[in-house]
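> Here you go, one structure.
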Amino acid sequence: MNNVTKDAKCKILLIEDDELDRVAFERLVKQQRLPYNYDTATCFEQAKTILGSDRFDVVIVDYLLGDGTAFDVLDVLEHTAAQEDCPLAETDAAGPAVILTTGAGNEETAVRAMKAGAYDYMIKDLERNYLKVLPQVVEKALAHKKTEDALKQYHNNLESLVKERTEQLAEEKELLSVTLSSMTDGVIAVNTEKRVILFNKVAENLAKWRSQEVQGKPVDGVFRFIDEKTRKSLESPIDKVLKSGNMESGTDRDALVARDGSKCPISATAAPICKNDGTTIGVVMVLRDVSREREVDRMKTDFVSSVSHELRTPLTSIKAYTATILRDPNMPDKTRHEFLSVIDEESNRLKSLIDGLLEVSRIEAGTVKVVREPVDIAAIIDQVLPALRPIADKKNIHLETDLGDELGRLQADESKIRSMITNLLNNAIKFTPEQGEVCVSVRLQAQELVIRVSDTGIGIPKEDLPRIFDRFYRVYQPDRQMPGTGLGLAIVKEIVNMHAGRIEVESEPGQGTTFTIFLPLDSQAALYS
Ligand code: ADP
């Protein structure tokens with residue numbers, strides 16, 4: 001049965017198995033024109049169905065229902081509220097306010113029902129006097145329901161705010177951790193007790209510790225700093241910051257000693273982490289692996305000293321021979337001629353060294369032009385060999401050529417190709433001991449000239465192979481460092497690149513070395529294809 005008043009404010013479900021009670025309720029609503037929009041259920045099962053499909057502000061329930069009790073109804077309501085996927089529970093509103101009606105002598109049950117979630121109870125009497133106060137009780141229940149609704153709404157708002165903020169924080173944390181892990185520098189943060197609170201991926205690689213292993217650990221046990229040269233321990237920039245309160249850097253000789261004892265040249269800068277009021281709460285340190293920079297520095301220093309040496313040696317002998325000639329006007333012609341030849345030879349050495357330096361600086365400045373013309377590679381080799389043969393002969397080195405019958409016409413810069421072959425052959429002779437062999441061979445393969453310069457010399461250690469084309473790089477030979485500047489192969493590689501070719505090297509220490517150059521016949525076409 002359904003009765004909708006015109007001015008329905010309150011939606012009620014009356015669950016009552018006693019027909020007389022139901023009729024009395026309906027009469028009351030009608031007589032007093034109560035603004036109720038109500039449904040009735042005559043037993044628990046019916047109530048359950050109705051409650052599963054509709055929402056109410058107030059439920060008035062009789063304690064005993066024949067097929068159940070008011071507790072079963074409270075159970076259903078509690079269950080509905082707990083079900084997240086239930087459309088009826090998915091609202092900002094609280095559940096209905098439950099008013100329990102029960103016969104006299106059942107007060108104890110009524111109190112229990114209130115504990116189970118009912119809002120109020122009414123004791124039924126035979127004359128049904130309780131109905132007189134029902135409107136007030138319903139009104140109070142409604143007011144209570146409104147408060148509950150507001151509370152629930154507030155709670156929901158708060159919950160979504162917390163959820164939103166938590167998601168935001170998680171996003172910010174994720175962003176920070178992605179930023180830190182994609183940094184190319186190591187980042188480490190410690191608190192004022194010097195315990196690690198942050199350790200990014202690069203720091204892990206440098207110190208050889210995993211971030212989880214060092215969290216909360218004293219940083220002094222994780223790595224330390226030493227002077228690269230003296231190997232003495234150095235004060236960490238973190239300690240310096242904690243003392244001074246300012247940003248601090250290490251020295252340009254710092255090395256970091258990792259977990260496994262390995263040392264890495266490092267640049268370290270640390271800064272205090274301060275709160276808004278200026279108190280220091282920790283230190284953040286940025287670490288950068290500077291092995292490459294230090295290596296370049298070392299190469300430059302080596303270069304300056306070897307260039308000075310290379311320049312001084314021929315100059316010294318030029319000076320000495322000139323002084324001797326000047327001192328002795330009666331020197332026999334033969335001797336004078338011999339001395340002048342030495343001066344000439346040494347001047348040539350000086351010239352080629354200075355040419356090399358100029359060539360490199362021109363390449364660096366990008367001012368080198370490639371003049372392409374048809375080049376006869378066999379003729380170039382024939383021109384180069386006579387100048388090198390005397391040096392090879394001095395060491396009893398067998399200098400051999402192996403030129404294919406058909407070599408095509410190479411479009412290239414003749415003087416550069418000549419300098420490239422001279423450089424490679426010079427090295428081959430220089431790094432090959434007495435009685436050795438040096439061979440230059442040329443073949444035409446699939447429109448490419450394959451030029452191979454091989455020797456039976458001292459070879460190049462595997463670890464140096466990737467670096468030998470770097471400017472100024474020379475393999476370190478503690479016992480007998482050969483004369484040179486480390487520029488030759490850098491120039492060779494540049495020349496090969498200018499001609500759209502490639503160079504490969506194979507070497508076995510103590511056995512020999514082979515450089516192979518592949519040059520497209522028409523490098524211009526190859527460059528733009
Ligand atoms: P330089 O010969 O002036 O030292 P290069 O740039 O020509 O400089 O060569 C770089 C380094 O490569 C040499 O110092 C040497 O250690 C190594 N190298 C070059 N060619 C050979 C070779 N044929 N056999 C052994 N080592 C070589």
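Every chain in the structure tokens takes a letter, A first, then B, and so on in the order presented; its residues are numbered from 1, and the ligands are numbered from 1 following the presented order.
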Please check which protein, DNA or RNA residues sit within 7 Å of ligand 1, counting only C-alpha atoms and all ligand atoms, and write them as a list of chain:residue names.

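My answer, listing the contacting residues, is A:Asn423, A:Leu424, A:Asn427, A:Ala428, A:Phe431, A:Thr432, A:Asp455, A:Gly457, A:Ile458, A:Gly459, A:Ile460, A:Ile468, A:Phe469, A:Arg471, A:Phe472, A:Tyr473, A:Arg474, A:Val475, A:Tyr476, A:Pro483, A:Gly484, A:Thr485, A:Gly486, A:Leu487, A:Gly488, A:Leu489, A:Ala490, A:Gly512, A:Thr513.
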
> Just want the 7 Å neighbourhood of Val290 in chain A, counted on only C-alpha atoms, with same-chain residues fewer than 2 positions away dropped. Output as an NGL selection string.

:A and (265-267 or 288 or 292-294)

> Using all heavy atoms, can you write the selected residues to a file as a PDB file, in the first residue's frame?


ATOM      1  N   PRO A 265      87.943   8.734 -10.185  1.00  0.00           N
ATOM      2  CA  PRO A 265      88.141  10.179 -10.082  1.00  0.00           C
ATOM      3  C   PRO A 265      86.773  10.856 -10.029  1.00  0.00           C
ATOM      4  O   PRO A 265      85.900  10.535 -10.838  1.00  0.00           O
ATOM      5  CB  PRO A 265      88.863  10.537 -11.385  1.00  0.00           C
ATOM      6  CG  PRO A 265      89.421   9.263 -11.874  1.00  0.00           C
ATOM      7  CD  PRO A 265      88.518   8.178 -11.412  1.00  0.00           C
ATOM      8  N   ILE A 266      86.602  11.762  -9.083  1.00  0.00           N
ATOM      9  CA  ILE A 266      85.251  12.282  -8.863  1.00  0.00           C
ATOM     10  C   ILE A 266      85.251  13.783  -8.622  1.00  0.00           C
ATOM     11  O   ILE A 266      86.220  14.324  -8.109  1.00  0.00           O
ATOM     12  CB  ILE A 266      84.617  11.549  -7.640  1.00  0.00           C
ATOM     13  CG1 ILE A 266      83.105  11.490  -7.782  1.00  0.00           C
ATOM     14  CG2 ILE A 266      84.967  12.207  -6.311  1.00  0.00           C
ATOM     15  CD1 ILE A 266      82.626  10.189  -8.252  1.00  0.00           C
ATOM     16  N   SER A 267      84.159  14.405  -9.046  1.00  0.00           N
ATOM     17  CA  SER A 267      83.970  15.812  -8.681  1.00  0.00           C
ATOM     18  C   SER A 267      82.770  15.827  -7.742  1.00  0.00           C
ATOM     19  O   SER A 267      81.704  15.317  -8.095  1.00  0.00           O
ATOM     20  CB  SER A 267      83.693  16.622  -9.945  1.00  0.00           C
ATOM     21  OG  SER A 267      82.854  17.684  -9.647  1.00  0.00           O
ATOM     22  N   ARG A 288      80.072  13.471  -9.637  1.00  0.00           N
ATOM     23  CA  ARG A 288      80.211  13.274 -11.086  1.00  0.00           C
ATOM     24  C   ARG A 288      81.507  12.535 -11.373  1.00  0.00           C
ATOM     25  O   ARG A 288      82.567  12.889 -10.851  1.00  0.00           O
ATOM     26  CB  ARG A 288      80.196  14.622 -11.803  1.00  0.00           C
ATOM     27  CG  ARG A 288      79.963  14.504 -13.294  1.00  0.00           C
ATOM     28  CD  ARG A 288      79.453  15.823 -13.832  1.00  0.00           C
ATOM     29  NE  ARG A 288      80.339  16.901 -13.469  1.00  0.00           N
ATOM     30  CZ  ARG A 288      81.449  17.199 -14.142  1.00  0.00           C
ATOM     31  NH1 ARG A 288      81.775  16.519 -15.214  1.00  0.00           N
ATOM     32  NH2 ARG A 288      82.216  18.185 -13.752  1.00  0.00           N
ATOM     33  N   ARG A 292      87.002  10.716 -17.483  1.00  0.00           N
ATOM     34  CA  ARG A 292      87.292  11.131 -18.857  1.00  0.00           C
ATOM     35  C   ARG A 292      88.044  12.482 -18.862  1.00  0.00           C
ATOM     36  O   ARG A 292      89.064  12.623 -19.518  1.00  0.00           O
ATOM     37  CB  ARG A 292      85.965  11.210 -19.620  1.00  0.00           C
ATOM     38  CG  ARG A 292      86.077  11.561 -21.058  1.00  0.00           C
ATOM     39  CD  ARG A 292      86.336  10.344 -21.939  1.00  0.00           C
ATOM     40  NE  ARG A 292      86.536  10.791 -23.319  1.00  0.00           N
ATOM     41  CZ  ARG A 292      87.651  10.670 -23.984  1.00  0.00           C
ATOM     42  NH1 ARG A 292      88.690  10.073 -23.445  1.00  0.00           N
ATOM     43  NH2 ARG A 292      87.750  11.117 -25.218  1.00  0.00           N
ATOM     44  N   GLU A 293      87.505  13.455 -18.081  1.00  0.00           N
ATOM     45  CA  GLU A 293      88.150  14.778 -18.029  1.00  0.00           C
ATOM     46  C   GLU A 293      89.580  14.675 -17.530  1.00  0.00           C
ATOM     47  O   GLU A 293      90.488  15.281 -18.090  1.00  0.00           O
ATOM     48  CB  GLU A 293      87.386  15.727 -17.084  1.00  0.00           C
ATOM     49  CG  GLU A 293      86.114  16.283 -17.650  1.00  0.00           C
ATOM     50  CD  GLU A 293      84.915  15.474 -17.242  1.00  0.00           C
ATOM     51  OE1 GLU A 293      85.054  14.212 -17.155  1.00  0.00           O
ATOM     52  OE2 GLU A 293      83.839  16.050 -17.024  1.00  0.00           O
ATOM     53  N   ARG A 294      89.763  13.850 -16.468  1.00  0.00           N
ATOM     54  CA  ARG A 294      91.127  13.739 -15.926  1.00  0.00           C
ATOM     55  C   ARG A 294      92.050  13.084 -16.951  1.00  0.00           C
ATOM     56  O   ARG A 294      93.213  13.439 -17.068  1.00  0.00           O
ATOM     57  CB  ARG A 294      91.125  12.923 -14.629  1.00  0.00           C
ATOM     58  CG  ARG A 294      90.286  13.540 -13.556  1.00  0.00           C
ATOM     59  CD  ARG A 294      91.097  14.048 -12.358  1.00  0.00           C
ATOM     60  NE  ARG A 294      90.201  14.736 -11.456  1.00  0.00           N
ATOM     61  CZ  ARG A 294      89.797  14.248 -10.299  1.00  0.00           C
ATOM     62  NH1 ARG A 294      90.267  13.088  -9.889  1.00  0.00           N
ATOM     63  NH2 ARG A 294      88.971  14.929  -9.552  1.00  0.00           N
TER      64      ARG A 294
END

> Residues within 6 Å of range 179-195 of chain A, please, as a PyMOL selection string. Count only C-alpha atoms; anything in the same chain fewer than 4 positions from it doesn't count.

chain A and resi 175+199-203+216-219+281-288

> Residues of the last selection are to be written out with all heavy atoms, as a short mmCIF file (atom, residue, chain, number, x, y, z; two decimals), in the first residue's frame.


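What follows is the written file part_38.cif:
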data_model
loop_
_atom_site.label_atom_id
_atom_site.label_comp_id
_atom_site.auth_asym_id
_atom_site.auth_seq_id
_atom_site.Cartn_x
_atom_site.Cartn_y
_atom_site.Cartn_z
N LEU A 175 57.63 11.55 -9.79
CA LEU A 175 58.33 12.50 -10.65
C LEU A 175 59.74 12.75 -10.10
O LEU A 175 60.73 12.73 -10.84
CB LEU A 175 57.55 13.81 -10.70
CG LEU A 175 58.05 14.82 -11.72
CD1 LEU A 175 57.67 14.37 -13.12
CD2 LEU A 175 57.46 16.19 -11.47
N PHE A 199 69.63 7.96 -2.31
CA PHE A 199 70.79 7.41 -3.01
C PHE A 199 70.32 7.05 -4.41
O PHE A 199 69.61 6.06 -4.58
CB PHE A 199 71.22 6.15 -2.25
CG PHE A 199 72.68 5.84 -2.31
CD1 PHE A 199 73.58 6.55 -1.54
CD2 PHE A 199 73.17 4.82 -3.12
CE1 PHE A 199 74.93 6.26 -1.57
CE2 PHE A 199 74.51 4.53 -3.15
CZ PHE A 199 75.39 5.25 -2.37
N ASN A 200 70.63 7.86 -5.43
CA ASN A 200 70.05 7.57 -6.75
C ASN A 200 70.86 6.52 -7.51
O ASN A 200 71.88 6.02 -7.03
CB ASN A 200 69.82 8.86 -7.56
CG ASN A 200 71.08 9.38 -8.21
OD1 ASN A 200 72.19 8.98 -7.85
ND2 ASN A 200 70.93 10.25 -9.17
N LYS A 201 70.39 6.21 -8.73
CA LYS A 201 70.96 5.10 -9.52
C LYS A 201 72.45 5.32 -9.81
O LYS A 201 73.25 4.40 -9.67
CB LYS A 201 70.17 5.05 -10.84
CG LYS A 201 70.32 3.81 -11.61
CD LYS A 201 69.15 2.87 -11.46
CE LYS A 201 69.59 1.43 -11.64
NZ LYS A 201 69.49 0.62 -10.48
N VAL A 202 72.79 6.56 -10.22
CA VAL A 202 74.19 6.82 -10.58
C VAL A 202 75.08 6.66 -9.33
O VAL A 202 76.18 6.11 -9.40
CB VAL A 202 74.36 8.22 -11.21
CG1 VAL A 202 75.79 8.50 -11.57
CG2 VAL A 202 73.48 8.34 -12.44
N ALA A 203 74.56 7.13 -8.18
CA ALA A 203 75.32 6.97 -6.93
C ALA A 203 75.53 5.48 -6.66
O ALA A 203 76.61 5.07 -6.23
CB ALA A 203 74.56 7.63 -5.79
N GLY A 216 69.51 4.72 5.66
CA GLY A 216 69.62 4.80 7.11
C GLY A 216 71.01 4.51 7.64
O GLY A 216 71.27 4.66 8.82
N LYS A 217 71.92 4.07 6.75
CA LYS A 217 73.29 3.75 7.21
C LYS A 217 74.15 5.00 7.29
O LYS A 217 73.96 5.93 6.50
CB LYS A 217 73.95 2.83 6.17
CG LYS A 217 73.76 1.38 6.42
CD LYS A 217 74.80 0.62 5.63
CE LYS A 217 74.72 -0.84 5.96
NZ LYS A 217 75.63 -1.63 5.23
N PRO A 218 75.16 5.01 8.20
CA PRO A 218 76.07 6.16 8.22
C PRO A 218 76.84 6.22 6.90
O PRO A 218 77.38 5.21 6.45
CB PRO A 218 77.01 5.86 9.38
CG PRO A 218 76.34 4.79 10.17
CD PRO A 218 75.46 4.03 9.23
N VAL A 219 76.87 7.40 6.29
CA VAL A 219 77.45 7.53 4.95
C VAL A 219 78.95 7.24 4.94
O VAL A 219 79.50 6.77 3.93
CB VAL A 219 77.12 8.93 4.36
CG1 VAL A 219 77.90 10.03 5.02
CG2 VAL A 219 77.35 8.96 2.86
N ILE A 281 68.75 20.57 7.98
CA ILE A 281 68.20 19.26 8.36
C ILE A 281 68.92 18.13 7.63
O ILE A 281 68.63 16.97 7.82
CB ILE A 281 66.68 19.18 8.10
CG1 ILE A 281 66.36 19.63 6.66
CG2 ILE A 281 65.90 20.00 9.10
CD1 ILE A 281 64.95 19.30 6.24
N GLY A 282 69.88 18.48 6.80
CA GLY A 282 70.64 17.44 6.11
C GLY A 282 71.57 18.05 5.08
O GLY A 282 71.72 19.28 5.01
N VAL A 283 72.18 17.17 4.30
CA VAL A 283 73.11 17.63 3.27
C VAL A 283 72.84 16.84 1.99
O VAL A 283 72.60 15.63 2.05
CB VAL A 283 74.59 17.39 3.69
CG1 VAL A 283 75.54 17.87 2.60
CG2 VAL A 283 74.89 18.09 5.00
N VAL A 284 72.85 17.53 0.86
CA VAL A 284 72.71 16.82 -0.40
C VAL A 284 74.04 16.96 -1.16
O VAL A 284 74.65 18.03 -1.16
CB VAL A 284 71.50 17.33 -1.23
CG1 VAL A 284 71.62 18.79 -1.58
CG2 VAL A 284 71.34 16.52 -2.50
N MET A 285 74.49 15.84 -1.73
CA MET A 285 75.79 15.87 -2.42
C MET A 285 75.61 15.35 -3.85
O MET A 285 74.92 14.37 -4.08
CB MET A 285 76.79 15.01 -1.66
CG MET A 285 78.16 15.02 -2.32
SD MET A 285 79.44 14.41 -1.22
CE MET A 285 78.97 12.71 -1.09
N VAL A 286 76.23 16.04 -4.79
CA VAL A 286 76.18 15.62 -6.19
C VAL A 286 77.56 15.12 -6.58
O VAL A 286 78.56 15.80 -6.34
CB VAL A 286 75.75 16.80 -7.09
CG1 VAL A 286 75.78 16.40 -8.56
CG2 VAL A 286 74.37 17.27 -6.71
N LEU A 287 77.60 13.92 -7.16
CA LEU A 287 78.88 13.31 -7.54
C LEU A 287 78.94 13.13 -9.05
O LEU A 287 77.96 12.69 -9.66
CB LEU A 287 79.01 11.91 -6.91
CG LEU A 287 79.02 11.84 -5.39
CD1 LEU A 287 79.00 10.40 -4.95
CD2 LEU A 287 80.26 12.54 -4.85
N ARG A 288 80.07 13.47 -9.64
CA ARG A 288 80.21 13.27 -11.09
C ARG A 288 81.51 12.54 -11.37
O ARG A 288 82.57 12.89 -10.85
CB ARG A 288 80.20 14.62 -11.80
CG ARG A 288 79.96 14.50 -13.29
CD ARG A 288 79.45 15.82 -13.83
NE ARG A 288 80.34 16.90 -13.47
CZ ARG A 288 81.45 17.20 -14.14
NH1 ARG A 288 81.77 16.52 -15.21
NH2 ARG A 288 82.22 18.18 -13.75
#

> Using backbone DSSP assignments, extract all strand (DSSP E) residues from range 63-233 of chain A; output them as a list of chain:residue names.

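Taking range 63-233 of chain A and keeping strand (DSSP E) only, one gets A:Ala97, A:Val98, A:Ile99, A:Leu100, A:Thr101, A:Thr102, A:Gly103, A:Asp120, A:Tyr121, A:Met122, A:Ile123, A:Lys124, A:Gly186, A:Val187, A:Ile188, A:Ala189, A:Val190, A:Asn191, A:Val196, A:Ile197, A:Leu198, A:Phe199, A:Arg224, A:Phe225, A:Ile226, A:Asp227, A:Ser233.
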
> For the residues selected in the previous step, produce a file with N, CA, C and O atoms as a compact mmCIF listing (two decimals), in the first residue's frame.


# COMPACT_ATOMS: atom_id res chain seq x y z
N ALA A 97 17.03 6.47 9.33
CA ALA A 97 16.99 6.41 10.80
C ALA A 97 15.93 5.36 11.17
O ALA A 97 14.82 5.40 10.65
N VAL A 98 16.30 4.44 12.03
CA VAL A 98 15.39 3.32 12.34
C VAL A 98 14.72 3.56 13.70
O VAL A 98 15.40 3.83 14.69
N ILE A 99 13.38 3.47 13.66
CA ILE A 99 12.64 3.57 14.93
C ILE A 99 12.02 2.20 15.19
O ILE A 99 11.32 1.65 14.33
N LEU A 100 12.37 1.68 16.34
CA LEU A 100 11.87 0.34 16.68
C LEU A 100 10.60 0.46 17.51
O LEU A 100 10.56 1.27 18.43
N THR A 101 9.60 -0.32 17.14
CA THR A 101 8.39 -0.34 17.98
C THR A 101 8.30 -1.72 18.58
O THR A 101 8.51 -2.73 17.89
N THR A 102 8.00 -1.76 19.90
CA THR A 102 7.97 -3.06 20.56
C THR A 102 6.98 -3.04 21.72
O THR A 102 6.71 -1.97 22.28
N GLY A 103 6.46 -4.22 22.05
CA GLY A 103 5.48 -4.33 23.12
C GLY A 103 6.11 -4.06 24.48
O GLY A 103 7.34 -4.11 24.63
N ASP A 120 15.91 5.12 17.62
CA ASP A 120 15.03 5.33 18.78
C ASP A 120 14.09 4.13 18.91
O ASP A 120 14.02 3.30 18.01
N TYR A 121 13.39 4.08 20.00
CA TYR A 121 12.39 3.02 20.14
C TYR A 121 11.12 3.58 20.78
O TYR A 121 11.16 4.61 21.45
N MET A 122 10.00 2.86 20.54
CA MET A 122 8.72 3.26 21.13
C MET A 122 8.06 2.01 21.69
O MET A 122 8.08 0.96 21.06
N ILE A 123 7.51 2.18 22.88
CA ILE A 123 6.83 1.04 23.49
C ILE A 123 5.37 1.10 23.09
O ILE A 123 4.67 2.11 23.33
N LYS A 124 4.91 0.02 22.46
CA LYS A 124 3.50 -0.01 22.03
C LYS A 124 2.60 -0.31 23.23
O LYS A 124 2.97 -1.11 24.09
N GLY A 186 75.48 11.47 -9.74
CA GLY A 186 75.06 10.75 -8.55
C GLY A 186 74.51 11.75 -7.55
O GLY A 186 75.08 12.82 -7.36
N VAL A 187 73.37 11.42 -6.91
CA VAL A 187 72.81 12.31 -5.90
C VAL A 187 72.63 11.53 -4.60
O VAL A 187 72.05 10.44 -4.61
N ILE A 188 73.17 12.09 -3.52
CA ILE A 188 73.09 11.43 -2.22
C ILE A 188 72.62 12.47 -1.21
O ILE A 188 73.14 13.59 -1.20
N ALA A 189 71.63 12.11 -0.39
CA ALA A 189 71.23 13.04 0.66
C ALA A 189 71.37 12.33 2.00
O ALA A 189 71.10 11.13 2.10
N VAL A 190 71.84 13.07 3.02
CA VAL A 190 71.96 12.50 4.36
C VAL A 190 71.28 13.45 5.34
O VAL A 190 71.12 14.64 5.05
N ASN A 191 70.90 12.90 6.53
CA ASN A 191 70.36 13.79 7.56
C ASN A 191 71.52 14.34 8.39
O ASN A 191 72.68 14.06 8.08
N VAL A 196 72.15 7.99 5.46
CA VAL A 196 71.66 8.14 4.09
C VAL A 196 70.14 8.14 4.03
O VAL A 196 69.49 7.26 4.59
N ILE A 197 69.58 9.16 3.34
CA ILE A 197 68.12 9.16 3.15
C ILE A 197 67.77 9.09 1.66
O ILE A 197 66.66 8.77 1.29
N LEU A 198 68.75 9.34 0.81
CA LEU A 198 68.50 9.27 -0.63
C LEU A 198 69.78 8.85 -1.36
O LEU A 198 70.86 9.34 -1.02
N PHE A 199 69.63 7.96 -2.31
CA PHE A 199 70.79 7.41 -3.01
C PHE A 199 70.32 7.05 -4.41
O PHE A 199 69.61 6.06 -4.58
N ARG A 224 84.34 6.57 0.75
CA ARG A 224 85.17 7.64 1.30
C ARG A 224 85.93 8.31 0.18
O ARG A 224 85.97 7.80 -0.95
N PHE A 225 86.50 9.46 0.50
CA PHE A 225 87.24 10.22 -0.50
C PHE A 225 88.73 10.14 -0.20
O PHE A 225 89.14 10.21 0.96
N ILE A 226 89.52 9.99 -1.27
CA ILE A 226 90.98 10.05 -1.09
C ILE A 226 91.57 11.00 -2.13
O ILE A 226 90.92 11.33 -3.11
N ASP A 227 92.82 11.39 -1.89
CA ASP A 227 93.54 12.19 -2.88
C ASP A 227 94.07 11.20 -3.93
O ASP A 227 94.76 10.24 -3.58
N SER A 233 93.42 9.86 2.85
CA SER A 233 91.99 10.13 3.02
C SER A 233 91.74 11.62 3.06
O SER A 233 92.55 12.38 3.58

> Calculated over only C-alpha atoms, which of the candidates A:Ser244, A:Gln447, A:Thr316, A:Ser249 has the smallest distance to Glu406 in chain A?

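Checking each candidate against Glu406 in chain A, we get A:Gln447 as the closest.
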
> Can you work out the spacing between CA of Pro466 in chain A and CA of Glu504 in chain A in Å, to one decimal?

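Interatomic distance here is 10.4 Å.
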
> Which of range 144-238 of chain A end up as helix (DSSP H, G or I) when DSSP is run on this backbone - answer as an MDAnalysis selection string?

chainID A and resid 144:182 201:207 211:214 219:221 237:238

> In Å, with one decimal, what is the gap from CA of Leu131 in chain A to CA of Ser53 in chain A?

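A separation of 27.8 Å between them.
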
> Compare A:Ile15, A:Ala47, A:Ala24, A:Cys264 by their minimum atom-to-atom distance to Leu64 in chain A, counting only C-alpha atoms, and give me the closest one.

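Among A:Ile15, A:Ala47, A:Ala24, A:Cys264, it is A:Ile15 that comes nearest to Leu64 in chain A.
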
> So that I can check the surroundings of Val241 in chain A, please list as a list in words every protein, DNA and RNA residue that reaches within 10 Å of it, counting only C-alpha atoms and ignoring chain neighbours fewer than 4 positions away.

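The filter keeps Ser236, Pro237, Gly245, Asn246, Met247, Glu248, Ser249, Thr269, Ala270, Ala271, Pro272, Ile273, Thr280, Gly282, Val283, Val284 and Met285 of chain A.
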
> From the set A:Leu151, A:Leu20, A:Leu519, A:Leu399, which residue has the shortest atom-to-atom contact distance to Val440 in chain A, counting only C-alpha atoms?

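Of A:Leu151, A:Leu20, A:Leu519, A:Leu399, the one nearest Val440 in chain A is A:Leu399, counting only C-alpha atoms.
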
> Using only C-alpha atoms, can you tell me which of A:Ala387, A:Leu449, A:Gln511, A:Ile363 comes closest to Val492 in chain A?

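Result for the nearest residue to Val492 in chain A: A:Ile363.
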
> Which one of A:Ile397, A:Ile421, A:Val76, A:Ile517 sits closest to Arg443 in chain A if you count only C-alpha atoms?

A:Ile517
